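S.K.: This is run16.csv (CSV, C-alpha atoms).
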```
chain,number,residue,atom,x,y,z
A,312,MET,CA,53.7,79.2,162.6
A,313,VAL,CA,53.6,76.9,159.6
A,314,GLY,CA,56.4,77.4,157.1
A,315,PRO,CA,58.1,75.8,154.1
A,316,VAL,CA,59.8,73.1,156.1
A,317,GLU,CA,56.5,71.7,157.4
A,318,PHE,CA,55.1,71.7,153.8
A,319,ILE,CA,58.1,70.0,152.5
A,320,LEU,CA,57.9,67.3,155.2
A,321,ALA,CA,54.2,66.8,154.3
A,322,GLY,CA,55.2,66.3,150.7
A,323,VAL,CA,57.8,63.8,151.8
A,324,LEU,CA,55.3,61.8,153.9
A,325,VAL,CA,52.7,61.7,151.1
A,326,GLY,CA,55.2,61.0,148.4
A,327,PHE,CA,56.8,58.2,150.4
A,328,CYS,CA,53.4,56.6,151.0
A,329,VAL,CA,52.4,56.9,147.4
A,330,GLY,CA,55.7,55.3,146.3
A,331,ILE,CA,55.3,52.3,148.6
A,332,THR,CA,51.6,51.7,148.3
A,333,GLY,CA,50.4,53.4,145.1
A,334,VAL,CA,47.7,55.1,147.0
A,335,GLY,CA,46.7,58.4,145.3
A,336,GLY,CA,48.3,61.5,146.8
A,337,GLY,CA,44.9,63.3,146.8
A,338,SER,CA,43.5,61.0,149.4
A,339,LEU,CA,46.3,61.9,151.8
A,340,MET,CA,47.3,65.4,150.9
A,341,THR,CA,44.0,67.2,151.1
A,342,PRO,CA,43.1,66.0,154.6
A,343,ILE,CA,46.6,66.9,155.8
A,344,LEU,CA,46.4,70.4,154.5
A,345,ILE,CA,43.0,70.9,156.1
A,346,SER,CA,43.4,69.1,159.4
A,347,LEU,CA,47.0,69.8,160.2
A,348,PHE,CA,47.8,73.1,158.5
A,349,ARG,CA,44.4,74.7,158.7
A,350,ILE,CA,44.4,75.5,155.0
A,351,GLU,CA,40.9,76.6,153.7
A,352,PRO,CA,39.1,73.6,152.1
A,353,HIS,CA,38.7,75.2,148.6
A,354,VAL,CA,42.4,76.2,148.6
A,355,ALA,CA,43.5,72.8,149.8
A,356,ILE,CA,41.4,71.0,147.1
A,357,GLY,CA,42.5,73.3,144.3
A,358,THR,CA,46.2,73.1,145.2
A,359,ASP,CA,46.0,69.4,145.6
A,360,LEU,CA,44.4,68.9,142.2
A,361,LEU,CA,47.4,70.5,140.4
A,362,TYR,CA,49.7,68.6,142.8
A,363,ALA,CA,48.1,65.3,141.7
A,364,ALA,CA,48.2,66.2,138.0
A,365,ILE,CA,52.0,67.0,138.1
A,366,SER,CA,52.9,64.1,140.4
A,367,LYS,CA,50.9,61.5,138.3
A,368,PHE,CA,52.3,62.9,135.0
A,369,CYS,CA,55.6,61.0,135.3
A,370,GLY,CA,53.7,57.7,136.0
A,371,SER,CA,51.6,58.3,132.9
A,372,MET,CA,54.7,58.6,130.7
A,373,VAL,CA,56.0,55.3,132.0
A,374,HIS,CA,52.7,53.6,131.2
A,375,ALA,CA,52.6,55.2,127.7
A,376,LYS,CA,56.1,54.0,127.0
A,377,LYS,CA,55.2,50.5,128.0
A,378,LEU,CA,51.9,50.6,125.9
A,379,ASN,CA,49.8,50.1,129.0
A,380,ILE,CA,47.1,52.6,127.9
A,381,VAL,CA,43.8,51.8,126.2
A,382,TRP,CA,43.2,55.1,124.6
A,383,PRO,CA,39.5,54.6,123.7
A,384,ILE,CA,38.7,54.1,127.4
A,385,VAL,CA,40.6,57.2,128.3
A,386,LEU,CA,38.9,59.3,125.7
A,387,TRP,CA,35.4,58.2,126.5
A,388,LEU,CA,36.0,58.7,130.3
A,389,ALA,CA,37.3,62.2,129.5
A,390,LEU,CA,34.3,62.9,127.3
A,391,GLY,CA,32.2,62.6,130.5
A,392,SER,CA,34.6,63.8,133.2
A,393,ILE,CA,36.0,67.0,131.7
A,394,PRO,CA,32.6,68.7,130.9
A,395,ALA,CA,31.3,67.5,134.3
A,396,SER,CA,34.3,69.1,136.0
A,397,PHE,CA,33.7,72.4,134.2
A,398,VAL,CA,30.0,72.4,135.1
A,399,THR,CA,30.7,71.4,138.7
A,400,HIS,CA,33.2,74.2,139.1
A,401,TRP,CA,30.8,76.7,137.5
A,402,VAL,CA,28.0,75.8,139.9
A,403,LEU,CA,30.5,76.1,142.8
A,404,GLU,CA,31.7,79.5,141.7
A,405,ASN,CA,28.3,81.0,140.8
A,406,TYR,CA,26.0,79.5,143.4
A,407,LEU,CA,28.1,78.3,146.4
A,408,SER,CA,31.2,80.4,146.6
A,409,ASN,CA,29.5,83.2,148.6
A,410,SER,CA,27.3,80.8,150.6
A,411,ASN,CA,27.8,80.1,154.3
A,412,HIS,CA,27.5,76.4,153.3
A,413,TYR,CA,30.4,76.4,150.8
A,414,LYS,CA,33.0,75.0,153.1
A,415,THR,CA,30.5,72.6,154.7
A,416,VAL,CA,29.6,71.1,151.3
A,417,LEU,CA,33.2,70.7,150.2
A,418,THR,CA,34.3,69.0,153.5
A,419,MET,CA,31.3,66.7,153.7
A,420,VAL,CA,31.9,65.5,150.1
A,421,LEU,CA,35.6,65.1,150.9
A,422,GLY,CA,34.7,63.1,154.0
A,423,PHE,CA,32.4,60.8,152.0
A,424,MET,CA,35.1,60.1,149.4
A,425,LEU,CA,37.8,59.6,152.1
A,426,THR,CA,35.5,57.1,153.9
A,427,LEU,CA,35.0,55.1,150.7
A,428,THR,CA,38.7,55.3,149.8
A,429,GLY,CA,39.6,54.1,153.3
A,430,LEU,CA,37.3,51.1,153.0
A,431,SER,CA,38.5,50.2,149.6
A,432,ILE,CA,42.1,50.2,150.8
A,433,MET,CA,41.4,48.2,153.9
A,434,PHE,CA,39.4,45.5,152.0
A,435,ARG,CA,41.4,45.7,148.8
A,436,ALA,CA,42.5,42.0,149.0
A,437,GLN,CA,38.9,40.8,149.4
A,438,ILE,CA,37.7,43.1,146.6
A,439,GLU,CA,40.4,41.9,144.2
A,440,LYS,CA,39.7,38.3,145.1
A,441,PHE,CA,36.0,38.8,144.3
A,442,PHE,CA,36.7,40.4,141.0
A,443,ALA,CA,39.4,37.9,140.1
A,444,LYS,CA,36.6,35.3,139.5
A,445,PHE,CA,35.4,37.3,136.5
A,446,ARG,CA,38.8,38.0,135.0
A,447,GLU,CA,40.9,36.1,132.4
A,448,ASN,CA,44.6,36.4,132.5
A,449,LYS,CA,45.0,36.5,128.7
A,450,PRO,CA,47.3,38.9,126.9
A,451,ALA,CA,45.4,41.9,125.6
A,452,ASN,CA,45.3,42.9,122.0
A,453,GLU,CA,43.7,45.8,120.2
A,454,ASN,CA,40.9,43.6,118.8
A,455,THR,CA,39.7,42.5,122.3
A,456,GLU,CA,40.0,46.0,123.7
A,457,THR,CA,38.0,47.5,120.8
A,458,PHE,CA,35.3,44.8,121.2
A,459,SER,CA,35.2,45.2,125.0
A,460,ILE,CA,34.3,48.9,124.8
A,461,ASP,CA,31.5,48.4,122.2
A,462,GLY,CA,28.1,48.7,123.9
A,463,LYS,CA,29.7,50.2,127.0
A,464,ARG,CA,30.5,53.7,125.9
A,465,GLY,CA,27.5,55.1,127.7
A,466,PHE,CA,28.5,53.5,131.0
A,467,VAL,CA,32.1,54.7,130.5
A,468,VAL,CA,30.9,58.3,129.8
A,469,PHE,CA,28.5,58.1,132.8
A,470,MET,CA,31.4,57.0,135.1
A,471,GLY,CA,33.5,59.8,133.7
A,472,VAL,CA,30.7,62.3,134.7
A,473,VAL,CA,30.6,60.8,138.3
A,474,LEU,CA,34.4,61.1,138.6
A,475,GLY,CA,34.4,64.6,137.2
A,476,VAL,CA,31.9,65.8,139.8
A,477,PHE,CA,33.4,64.2,142.8
A,478,VAL,CA,37.1,64.8,141.9
A,479,THR,CA,36.3,68.5,141.3
A,480,LEU,CA,34.5,68.8,144.7
A,481,SER,CA,37.0,66.8,146.8
A,482,SER,CA,40.2,66.1,144.7
A,483,VAL,CA,39.7,62.4,145.8
A,484,GLY,CA,38.6,59.5,143.7
A,485,ALA,CA,40.4,59.8,140.3
A,486,GLY,CA,42.6,56.8,141.1
A,487,ALA,CA,40.9,54.3,143.4
A,488,PHE,CA,37.3,54.6,142.1
A,489,GLY,CA,38.4,55.0,138.5
A,490,ILE,CA,40.2,51.6,138.7
A,491,MET,CA,37.2,49.9,140.5
A,492,ALA,CA,34.8,51.2,137.8
A,493,LEU,CA,37.1,49.9,135.0
A,494,ILE,CA,37.4,46.5,136.6
A,495,LEU,CA,33.6,46.2,136.7
A,496,MET,CA,33.1,47.3,133.1
A,497,PHE,CA,36.2,45.5,131.6
A,498,PRO,CA,36.7,42.3,133.6
A,499,HIS,CA,38.8,40.6,130.9
A,500,LEU,CA,41.2,43.5,130.5
A,501,PRO,CA,44.6,42.9,132.2
A,502,MET,CA,45.1,44.9,135.4
A,503,ILE,CA,48.1,46.7,134.1
A,504,ARG,CA,46.1,48.1,131.2
A,505,ILE,CA,43.4,49.3,133.6
A,506,ILE,CA,45.9,51.0,135.8
A,507,GLY,CA,47.7,52.7,132.9
A,508,SER,CA,44.4,54.0,131.4
A,509,ASP,CA,43.2,55.2,134.8
A,510,VAL,CA,46.5,57.1,135.5
A,511,VAL,CA,46.3,58.9,132.2
A,512,HIS,CA,42.7,59.9,132.7
A,513,ALA,CA,43.5,61.0,136.2
A,514,VAL,CA,46.2,63.3,134.9
A,515,LEU,CA,43.7,64.9,132.4
A,516,LEU,CA,40.9,65.2,134.9
A,517,THR,CA,43.0,66.6,137.8
A,518,ALA,CA,44.7,69.1,135.5
A,519,VAL,CA,41.4,70.4,134.1
A,520,ALA,CA,39.8,70.6,137.6
A,521,GLY,CA,43.0,72.2,139.0
A,522,PHE,CA,43.1,74.9,136.3
A,523,ALA,CA,39.4,75.6,136.9
A,524,HIS,CA,40.1,76.1,140.6
A,525,MET,CA,43.1,78.2,139.7
A,526,THR,CA,40.9,80.7,137.7
A,527,SER,CA,38.9,81.2,141.0
A,528,GLY,CA,42.1,81.8,143.0
A,529,ASN,CA,41.9,78.5,144.8
A,530,VAL,CA,45.5,77.5,144.2
A,531,ASP,CA,48.4,78.5,146.4
A,532,PHE,CA,51.5,78.2,144.1
A,533,HIS,CA,54.0,78.7,146.9
A,534,LEU,CA,52.4,75.8,148.8
A,535,LEU,CA,52.3,73.7,145.6
A,536,GLY,CA,56.0,74.2,145.0
A,537,TRP,CA,57.0,73.2,148.5
A,538,LEU,CA,54.8,70.1,148.4
A,539,LEU,CA,56.3,69.0,145.1
A,540,LEU,CA,59.8,69.7,146.3
A,541,GLY,CA,59.3,67.2,149.1
A,542,SER,CA,57.1,64.6,147.4
A,543,ILE,CA,58.8,63.9,144.0
A,544,PRO,CA,62.1,62.6,145.5
A,545,ALA,CA,60.1,60.7,148.2
A,546,ILE,CA,58.0,59.0,145.5
A,547,ILE,CA,61.1,57.8,143.8
A,548,VAL,CA,62.7,56.6,147.0
A,549,GLY,CA,59.4,54.9,148.2
A,550,THR,CA,59.1,53.1,144.8
A,551,LEU,CA,62.7,51.9,145.0
A,552,ILE,CA,62.4,50.4,148.5
A,553,SER,CA,58.8,49.3,148.3
A,554,SER,CA,59.7,45.6,148.0
A,555,ARG,CA,61.5,45.8,151.4
A,556,MET,CA,58.7,47.5,153.3
A,557,PRO,CA,55.6,45.9,155.0
A,558,GLU,CA,53.3,47.2,152.3
A,559,LYS,CA,50.2,45.4,153.6
A,560,LEU,CA,50.6,46.8,157.1
A,561,ILE,CA,51.1,50.4,155.7
A,562,ARG,CA,48.0,50.0,153.5
A,563,LYS,CA,46.0,48.9,156.5
A,564,ILE,CA,47.2,51.9,158.6
A,565,LEU,CA,46.4,54.3,155.7
A,566,GLY,CA,43.0,52.8,155.2
A,567,ILE,CA,42.0,53.1,158.8
A,568,THR,CA,43.4,56.7,159.0
A,569,LEU,CA,41.6,57.8,155.8
A,570,PHE,CA,38.3,56.2,157.1
A,571,ALA,CA,38.6,58.0,160.4
A,572,LEU,CA,39.4,61.3,158.7
A,573,GLY,CA,36.5,60.9,156.4
A,574,VAL,CA,34.0,60.2,159.2
A,575,ASN,CA,35.4,63.2,161.1
A,576,PHE,CA,34.8,65.5,158.1
A,577,ILE,CA,31.3,64.2,157.7
A,578,VAL,CA,30.4,64.6,161.4
A,579,ASN,CA,32.4,67.8,161.9
A,580,PRO,CA,32.5,69.7,158.6
A,581,VAL,CA,34.4,72.9,158.3
A,582,LYS,CA,31.9,75.8,158.6
A,583,SER,CA,32.2,79.4,157.6
A,584,LYS,CA,32.4,81.8,160.5
A,585,PRO,CA,29.2,83.8,161.1
A,586,VAL,CA,29.5,87.4,160.1
A,587,GLU,CA,29.8,89.5,163.2
A,588,LYS,CA,27.9,92.8,163.5
A,589,PRO,CA,30.2,95.8,163.6
A,590,GLN,CA,30.6,97.0,167.2
A,591,THR,CA,30.4,100.7,166.2
A,592,ALA,CA,27.0,100.1,164.7
A,593,MET,CA,25.7,98.5,167.9
A,594,VAL,CA,27.1,101.4,170.0
A,595,MET,CA,25.5,104.0,167.8
A,596,HIS,CA,22.2,102.2,167.9
A,597,GLN,CA,22.3,102.0,171.8
A,598,THR,CA,23.2,105.7,172.0
A,599,SER,CA,20.4,106.8,169.8
A,600,SER,CA,18.0,104.7,171.8
A,601,GLN,CA,19.1,106.3,175.0
A,602,HIS,CA,18.7,109.8,173.5
A,603,SER,CA,15.2,109.0,172.3
A,604,ILE,CA,14.2,107.9,175.8
A,605,LEU,CA,15.6,111.1,177.4
```
Would you write the structure of this file as C-alpha cells?
M.R.:
Amino acid sequence: MVGPVEFILAGVLVGFCVGITGVGGGSLMTPILISLFRIEPHVAIGTDLLYAAISKFCGSMVHAKKLNIVWPIVLWLALGSIPASFVTHWVLENYLSNSNHYKTVLTMVLGFMLTLTGLSIMFRAQIEKFFAKFRENKPANENTETFSIDGKRGFVVFMGVVLGVFVTLSSVGAGAFGIMALILMFPHLPMIRIIGSDVVHAVLLTAVAGFAHMTSGNVDFHLLGWLLLGSIPAIIVGTLISSRMPEKLIRKILGITLFALGVNFIVNPVKSKPVEKPQTAMVMHQTSSQHSIL
C-alpha cells in the first residue's frame, strides 16, 4: 500500500536530482508516478504540471531579481504556448477523455518526450559544444535583445505552440526543449538570459496547463502536497552541495534512465482495461436460450 511516506521520498529523490543537475522535475516525476506508484497517466501529468509550476516559481524569482529574463521572448513564447495548451486540453477533454485510446496517447507522447530528453541529457556536452561555435560571449544589453527578436517573432510563437501541445500532453519539455529552441534562435544571447527566460515561460505554461487539467479533475492535491513537502527542501540541499557531487555521472545515469523509460512507454503504453460484460446479463441470456430450446 502506497502512502504519504513513499510520496515524500519520491519528492526528495526528484528534488535532490533537480538541485544537483538542473534537470526538470517533470522529466522525472511523471514516470515515477506512473511506473512505481501506478497513478493514472492523466492524474500523474496533471498533478506534475502544478508541481512543476510551484517548484520552478522560486527559481524564476531569483532570475527576475538578477535581471536574467528577456521579457519579449517570454511574452512571444507565451503567445503561442498558452492558447495551444488550452486547445490541446479542450481536444483531450472533448474527444479523447472517453476513448479507449486516451491513456495510450498520453503515455506514448510521454515516452517520446522522455526519449528525446534522455538523449539531450546524455549528449548535452556535445550539443553545447556544437552550438558554442555560433555563440558570442558578449554582455547582453536591451538593444541587442530587441534587435535579436526582430524577424523571429513568428518562429518564437511557433515554438511556443509546439511546447504548449507537448507539455500539456506529457508535462515534459518546458525546460530542456525550450532552452534548445532559444539557443537555436538566439545564438548571441548569453546562456544565463536564455535559462532565465525559459524558466519564467515554463512557470507560466505549466501553471496554465496544470489549472486546465485541474478543471477536469486530473490533479490529486493530497499527492501534490506530499511531493512538494519532500522536494522543496531537497532542491535546496541539492543546490547547496551540487559542487561536491559527481554531476556528470549523475546526469549520465539520469539520461540513460529517462531514455529507457521513454522507450518502455512507447513500446508498452498504458492501455485502458476493456469493459467487461456483466455476468448477470450473460446468465440471463443463456437461461432464456435454454427455455426457448425446451
S.K.: Each residue of region 464-557 of chain A lying at most 8 Å from region 426-432 of chain A should get a row with its shortest atom-to-atom pair and the distance in Å to one decimal, counting all atoms listed in the file; could you produce that, ordered by chain and increasing number, as JSON lines?
M.R.:
```
{"residue": "A:Gly484", "atom": "CA", "partner": "A:Thr428", "partner_atom": "CA", "distance": 7.4}
{"residue": "A:Ala487", "atom": "CA", "partner": "A:Thr428", "partner_atom": "CA", "distance": 6.8}
{"residue": "A:Phe488", "atom": "CA", "partner": "A:Thr428", "partner_atom": "CA", "distance": 7.9}
```
S.K.: Determine, counting all atoms listed in the file, which protein, DNA and RNA residues have an atom within 10 Å of an atom of Gly486 (chain A); residues of the same chain fewer than 6 positions away are not included. Present the result as number ranges by chain.
M.R.: A: 333-338, 367, 428, 474, 478, 506, 509-514
S.K.: What does the structure give for the distance between CA of Val316 (chain A) and CA of Pro544 (chain A), in Å to one decimal?
M.R.: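 Atom-to-atom, CA of Val316 (chain A) to CA of Pro544 (chain A), that is 15.1 Å.
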S.K.: Mind pulling up the distance from CA of Ala355 (chain A) to CA of Thr341 (chain A)?
M.R.: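 Separation between CA of Thr341 (chain A) and CA of Ala355 (chain A): 5.8 Å.
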S.K.: Here is a test: counting only C-alpha atoms, which residue of A:Leu534, A:Leu540, A:Leu515, A:Ile561 is nearest to Phe368 (chain A)?
M.R.: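 Nearest to Phe368 (chain A): A:Leu515.
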S.K.: Mind pulling up the distance from CA of Phe423 (chain A) to CA of Val398 (chain A)?
M.R.: 20.6 Å
S.K.: Name the closest residue to Ile567 (chain A) among the candidates A:Ser408, A:Ile356, A:Met433, A:Leu500; distances are taken between atoms, counting all atoms listed in the file.
M.R.: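 Using all atoms listed in the file, the shortest distance to Ile567 (chain A) belongs to A:Met433.
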S.K.: Hey, which of A:His499, A:Lys582, A:Lys440, A:Arg435 ends up closest to Arg562 (chain A)? Count all atoms listed in the file.
M.R.: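 Ranking A:His499, A:Lys582, A:Lys440, A:Arg435 by distance to Arg562 (chain A), first place goes to A:Arg435.
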S.K.: I'd like the contact shell of Ile552 (chain A) - 10 Å cut-off, all atoms listed in the file, skipping same-chain residues fewer than 6 positions apart - returned as a list of chain:residue names.
M.R.: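 Counting all atoms listed in the file, the residues come to A:Phe327, A:Gly330, A:Ile331.
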S.K.: Which residues come within 8 Å of Lys414 (chain A), counting only C-alpha atoms, excluding same-chain residues fewer than 5 positions away, as number ranges by chain?
M.R.: A: 352-353, 580-583
S.K.: Pick from A:Ile460, A:Leu344, A:Ala436, A:Ile564: nearest to Gly322 (chain A), with all atoms listed in the file counted?
M.R.: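 So, comparing all the options, the nearest one is A:Leu344.
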S.K.: I want to know what sits within 9 Å of Leu390 (chain A), based on all atoms listed in the file, with residues of the same chain fewer than 4 positions away left out; could you give that as a ChimeraX atom specification?
M.R.: /A:385-386,394-395,468,471-472
S.K.: Excluding Val354 (chain A) and its own-chain neighbours fewer than 3 positions away, which residues fall within 9 Å of it when counting only C-alpha atoms? Please give them as a PyMOL selection string.
M.R.: chain A and resi 350-351+357-359+524+528-531
S.K.: Pick out the closest residue to Leu560 (chain A) from this set: A:Val416, A:Ala523, A:Leu539, A:Cys328. Count all atoms listed in the file.
M.R.: A:Cys328
S.K.: Can you work out which one of A:Met424, A:Ile490, A:Leu480, A:Leu538 has the shortest atom-to-atom distance to Val402 (chain A), counting all atoms listed in the file?
M.R.: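 When distances to Val402 (chain A) are compared using all atoms listed in the file, the smallest one comes from A:Leu480.
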